file run12.txt (compact mmCIF, N, CA and C atoms and all ligand atoms)
# COMPACT_ATOMS: atom_id res chain seq x y z
N MET A 142 0.84 -1.21 0.00
CA MET A 142 0.00 0.00 0.00
C MET A 142 0.87 1.25 0.00
N LYS A 143 1.83 1.27 0.95
CA LYS A 143 2.73 2.44 1.03
C LYS A 143 3.59 2.56 -0.23
N LYS A 144 4.04 1.40 -0.69
CA LYS A 144 4.90 1.36 -1.87
C LYS A 144 4.17 1.99 -3.07
N ALA A 145 2.92 1.59 -3.20
CA ALA A 145 2.13 2.08 -4.33
C ALA A 145 1.98 3.60 -4.26
N PHE A 146 1.82 4.09 -3.04
CA PHE A 146 1.68 5.53 -2.85
C PHE A 146 2.96 6.25 -3.29
N PHE A 147 4.09 5.69 -2.90
CA PHE A 147 5.36 6.31 -3.26
C PHE A 147 5.56 6.32 -4.77
N ILE A 148 5.23 5.20 -5.37
CA ILE A 148 5.39 5.10 -6.83
C ILE A 148 4.51 6.13 -7.52
N THR A 149 3.27 6.25 -7.04
CA THR A 149 2.33 7.20 -7.64
C THR A 149 2.84 8.63 -7.49
N SER A 150 3.33 8.97 -6.27
CA SER A 150 3.79 10.34 -6.07
C SER A 150 5.03 10.63 -6.88
N PHE A 151 5.88 9.62 -7.02
CA PHE A 151 7.08 9.82 -7.84
C PHE A 151 6.71 10.06 -9.31
N CYS A 152 5.72 9.26 -9.75
CA CYS A 152 5.23 9.42 -11.12
C CYS A 152 4.67 10.81 -11.33
N LEU A 153 3.86 11.25 -10.36
CA LEU A 153 3.25 12.56 -10.45
C LEU A 153 4.32 13.65 -10.45
N LEU A 154 5.30 13.51 -9.56
CA LEU A 154 6.37 14.50 -9.48
C LEU A 154 7.12 14.59 -10.80
N GLY A 155 7.40 13.42 -11.36
CA GLY A 155 8.11 13.38 -12.63
C GLY A 155 7.30 14.04 -13.72
N LEU A 156 6.01 13.77 -13.73
CA LEU A 156 5.12 14.33 -14.74
C LEU A 156 5.07 15.84 -14.62
N VAL A 157 4.94 16.31 -13.36
CA VAL A 157 4.84 17.76 -13.13
C VAL A 157 6.14 18.45 -13.55
N SER A 158 7.29 17.86 -13.18
CA SER A 158 8.55 18.52 -13.51
C SER A 158 8.78 18.52 -15.02
N ILE A 159 8.36 17.45 -15.68
CA ILE A 159 8.52 17.39 -17.13
C ILE A 159 7.64 18.45 -17.80
N THR A 160 6.38 18.53 -17.34
CA THR A 160 5.46 19.49 -17.94
C THR A 160 5.92 20.92 -17.69
N SER A 161 6.36 21.20 -16.45
CA SER A 161 6.76 22.58 -16.14
C SER A 161 8.04 22.95 -16.87
N SER A 162 8.98 22.01 -16.98
CA SER A 162 10.22 22.33 -17.67
C SER A 162 9.96 22.52 -19.16
N CYS A 163 9.01 21.76 -19.67
CA CYS A 163 8.66 21.88 -21.09
C CYS A 163 8.08 23.26 -21.38
N SER A 164 7.08 23.63 -20.60
CA SER A 164 6.43 24.92 -20.83
C SER A 164 7.41 26.05 -20.52
N GLY A 165 8.28 25.82 -19.54
CA GLY A 165 9.26 26.85 -19.18
C GLY A 165 10.20 27.15 -20.33
N SER A 166 10.70 26.09 -20.98
CA SER A 166 11.63 26.31 -22.08
C SER A 166 10.91 26.92 -23.27
N LYS A 167 9.61 26.60 -23.39
CA LYS A 167 8.83 27.14 -24.50
C LYS A 167 8.73 28.66 -24.39
N THR A 168 8.40 29.13 -23.18
CA THR A 168 8.27 30.58 -22.99
C THR A 168 9.63 31.25 -23.14
N GLU A 169 10.67 30.55 -22.71
CA GLU A 169 12.01 31.12 -22.82
C GLU A 169 12.34 31.36 -24.29
N ASN A 170 12.04 30.34 -25.10
CA ASN A 170 12.30 30.47 -26.53
C ASN A 170 11.53 31.63 -27.13
N LYS A 171 10.28 31.77 -26.69
CA LYS A 171 9.42 32.82 -27.20
C LYS A 171 10.04 34.18 -26.88
N GLU A 172 10.52 34.31 -25.64
CA GLU A 172 11.08 35.58 -25.21
C GLU A 172 12.37 35.89 -25.97
N GLN A 173 13.14 34.83 -26.22
CA GLN A 173 14.39 35.05 -26.94
C GLN A 173 14.13 35.44 -28.39
N LYS A 174 13.04 34.88 -28.94
CA LYS A 174 12.71 35.12 -30.33
C LYS A 174 12.24 36.57 -30.54
N ALA A 175 11.42 37.03 -29.58
CA ALA A 175 10.87 38.38 -29.68
C ALA A 175 11.98 39.41 -29.52
N ALA A 176 12.13 40.24 -30.52
CA ALA A 176 13.16 41.27 -30.47
C ALA A 176 12.76 42.36 -29.50
N GLU A 177 13.74 42.89 -28.80
CA GLU A 177 13.46 43.99 -27.88
C GLU A 177 13.21 45.26 -28.69
N GLN A 178 12.22 46.00 -28.26
CA GLN A 178 11.89 47.23 -28.97
C GLN A 178 11.90 48.39 -28.00
N TYR A 179 12.38 49.48 -28.47
CA TYR A 179 12.48 50.68 -27.64
C TYR A 179 11.78 51.84 -28.33
N GLN A 180 11.06 52.60 -27.51
CA GLN A 180 10.35 53.75 -28.04
C GLN A 180 10.43 54.88 -27.03
N CYS A 181 10.34 56.10 -27.54
CA CYS A 181 10.35 57.27 -26.67
C CYS A 181 9.16 57.21 -25.70
N PRO A 182 9.41 57.42 -24.40
CA PRO A 182 8.31 57.37 -23.43
C PRO A 182 7.26 58.44 -23.69
N MET A 183 7.67 59.54 -24.34
CA MET A 183 6.71 60.60 -24.66
C MET A 183 6.03 60.34 -26.01
N LYS A 184 6.54 59.35 -26.72
CA LYS A 184 6.01 58.96 -28.04
C LYS A 184 5.93 60.15 -29.00
N CYS A 185 6.99 60.93 -29.06
CA CYS A 185 7.04 62.07 -29.98
C CYS A 185 7.02 61.56 -31.42
N THR A 186 7.64 60.42 -31.63
CA THR A 186 7.67 59.85 -32.98
C THR A 186 7.15 58.42 -32.95
N GLU A 187 6.79 57.94 -34.11
CA GLU A 187 6.35 56.55 -34.25
C GLU A 187 7.56 55.62 -34.29
N GLU A 188 8.71 56.25 -34.34
CA GLU A 188 9.96 55.52 -34.49
C GLU A 188 10.18 54.50 -33.38
N ILE A 189 10.47 53.26 -33.78
CA ILE A 189 10.76 52.21 -32.81
C ILE A 189 12.14 51.66 -33.11
N SER A 190 12.95 51.62 -32.06
CA SER A 190 14.31 51.14 -32.23
C SER A 190 14.45 49.73 -31.66
N ASP A 191 15.34 48.95 -32.23
CA ASP A 191 15.54 47.60 -31.70
C ASP A 191 16.66 47.58 -30.67
N LYS A 192 17.19 48.73 -30.37
CA LYS A 192 18.21 48.80 -29.32
C LYS A 192 18.05 50.08 -28.51
N PRO A 193 18.56 50.08 -27.27
CA PRO A 193 18.38 51.27 -26.43
C PRO A 193 19.07 52.48 -27.05
N GLY A 194 18.51 53.64 -26.80
CA GLY A 194 19.08 54.85 -27.35
C GLY A 194 18.33 56.05 -26.85
N LYS A 195 18.44 57.15 -27.60
CA LYS A 195 17.76 58.36 -27.20
C LYS A 195 16.82 58.83 -28.30
N CYS A 196 15.72 59.46 -27.89
CA CYS A 196 14.76 59.99 -28.83
C CYS A 196 15.41 61.13 -29.62
N SER A 197 15.14 61.14 -30.92
CA SER A 197 15.76 62.17 -31.76
C SER A 197 15.06 63.51 -31.59
N VAL A 198 13.87 63.51 -31.00
CA VAL A 198 13.11 64.75 -30.83
C VAL A 198 13.36 65.36 -29.45
N CYS A 199 13.06 64.61 -28.38
CA CYS A 199 13.19 65.17 -27.03
C CYS A 199 14.43 64.70 -26.31
N GLU A 200 15.18 63.80 -26.93
CA GLU A 200 16.44 63.28 -26.39
C GLU A 200 16.28 62.55 -25.07
N MET A 201 15.09 62.03 -24.83
CA MET A 201 14.89 61.20 -23.65
C MET A 201 15.35 59.78 -23.96
N ASP A 202 15.72 59.06 -22.92
CA ASP A 202 16.11 57.66 -23.11
C ASP A 202 14.91 56.85 -23.58
N LEU A 203 15.15 56.03 -24.59
CA LEU A 203 14.06 55.21 -25.11
C LEU A 203 13.63 54.18 -24.08
N GLU A 204 12.35 53.90 -24.06
CA GLU A 204 11.79 52.93 -23.13
C GLU A 204 11.54 51.62 -23.83
N LYS A 205 11.81 50.52 -23.09
CA LYS A 205 11.58 49.20 -23.65
C LYS A 205 10.07 48.94 -23.73
N ILE A 206 9.62 48.47 -24.86
CA ILE A 206 8.19 48.17 -25.00
C ILE A 206 7.98 46.70 -25.31
N ASN A 207 6.83 46.22 -24.89
CA ASN A 207 6.47 44.82 -25.15
C ASN A 207 5.38 44.76 -26.19
N ASN A 208 5.58 43.91 -27.16
CA ASN A 208 4.59 43.77 -28.23
C ASN A 208 3.40 42.92 -27.80
N SER A 209 3.68 41.95 -26.92
CA SER A 209 2.62 41.03 -26.54
C SER A 209 1.56 41.69 -25.69
ZN ZN A 301 10.75 61.90 -27.55

call {"tool": "encode", "arguments": {"input": "run12.txt", "output": "structure tokens"}}
result
Amino acid sequence: MKKAFFITSFCLLGLVSITSSCSGSKTENKEQKAAEQYQCPMKCTEEISDKPGKCSVCEMDLEKINNS
């Protein structure tokens, strides 16, 4: 009886860790794939940069934006 319980919990643990590691790596890949985008916090221009920098209009530091 006890043995069966241990086997079941081990199976469940394995299943949970496999599922969580799978979904974890999936989201990681997604984040790595999505390019970082930066835009002026005041949005003076529609201009979006793929790297940090300064706004050409107000010279403020560009803010990182999320597309999702
Ligand atoms: Zn600006």

call {"tool": "closest_residue", "arguments": {"input": "run12.txt", "among": "A:Ala145, A:Glu200, A:Ile206, A:Ala176", "to": "ligand ZN 301 (chain A)", "atoms": "only N, CA and C atoms and all ligand atoms"}}
result
A:Glu200

call {"tool": "residues_around", "arguments": {"input": "run12.txt", "residues": "Pro193 of chain A", "least_positions_apart": "4", "cutoff": "8 Å", "atoms": "all atoms listed in the file", "output": "NGL selection string"}}
result
:A and (177-180 or 202-205)

call {"tool": "closest_atom_pairs", "arguments": {"input": "run12.txt", "of": "chain A", "to": "ligand ZN 301 (chain A)", "cutoff": "8 Å", "atoms": "only N, CA and C atoms and all ligand atoms", "output": "tab-separated table"}}
result
residue	atom	partner	partner_atom	distance
A:Gln180	C	A:ZN301	ZN	7.0
A:Cys181	CA	A:ZN301	ZN	4.7
A:Pro182	N	A:ZN301	ZN	5.6
A:Met183	N	A:ZN301	ZN	5.0
A:Lys184	N	A:ZN301	ZN	5.0
A:Cys185	N	A:ZN301	ZN	4.2
A:Thr186	N	A:ZN301	ZN	5.3
A:Lys195	C	A:ZN301	ZN	6.8
A:Cys196	CA	A:ZN301	ZN	4.6
A:Ser197	N	A:ZN301	ZN	5.6
A:Val198	C	A:ZN301	ZN	4.7
A:Cys199	N	A:ZN301	ZN	3.7
A:Glu200	N	A:ZN301	ZN	4.9
A:Met201	N	A:ZN301	ZN	5.1
A:Asp202	N	A:ZN301	ZN	7.4
A:Leu203	CA	A:ZN301	ZN	7.9

call {"tool": "atom_distance", "arguments": {"input": "run12.txt", "atom1": "atom CA of Glu187 of chain A", "atom2": "atom C of Asn207 of chain A"}}
result
14.3 Å
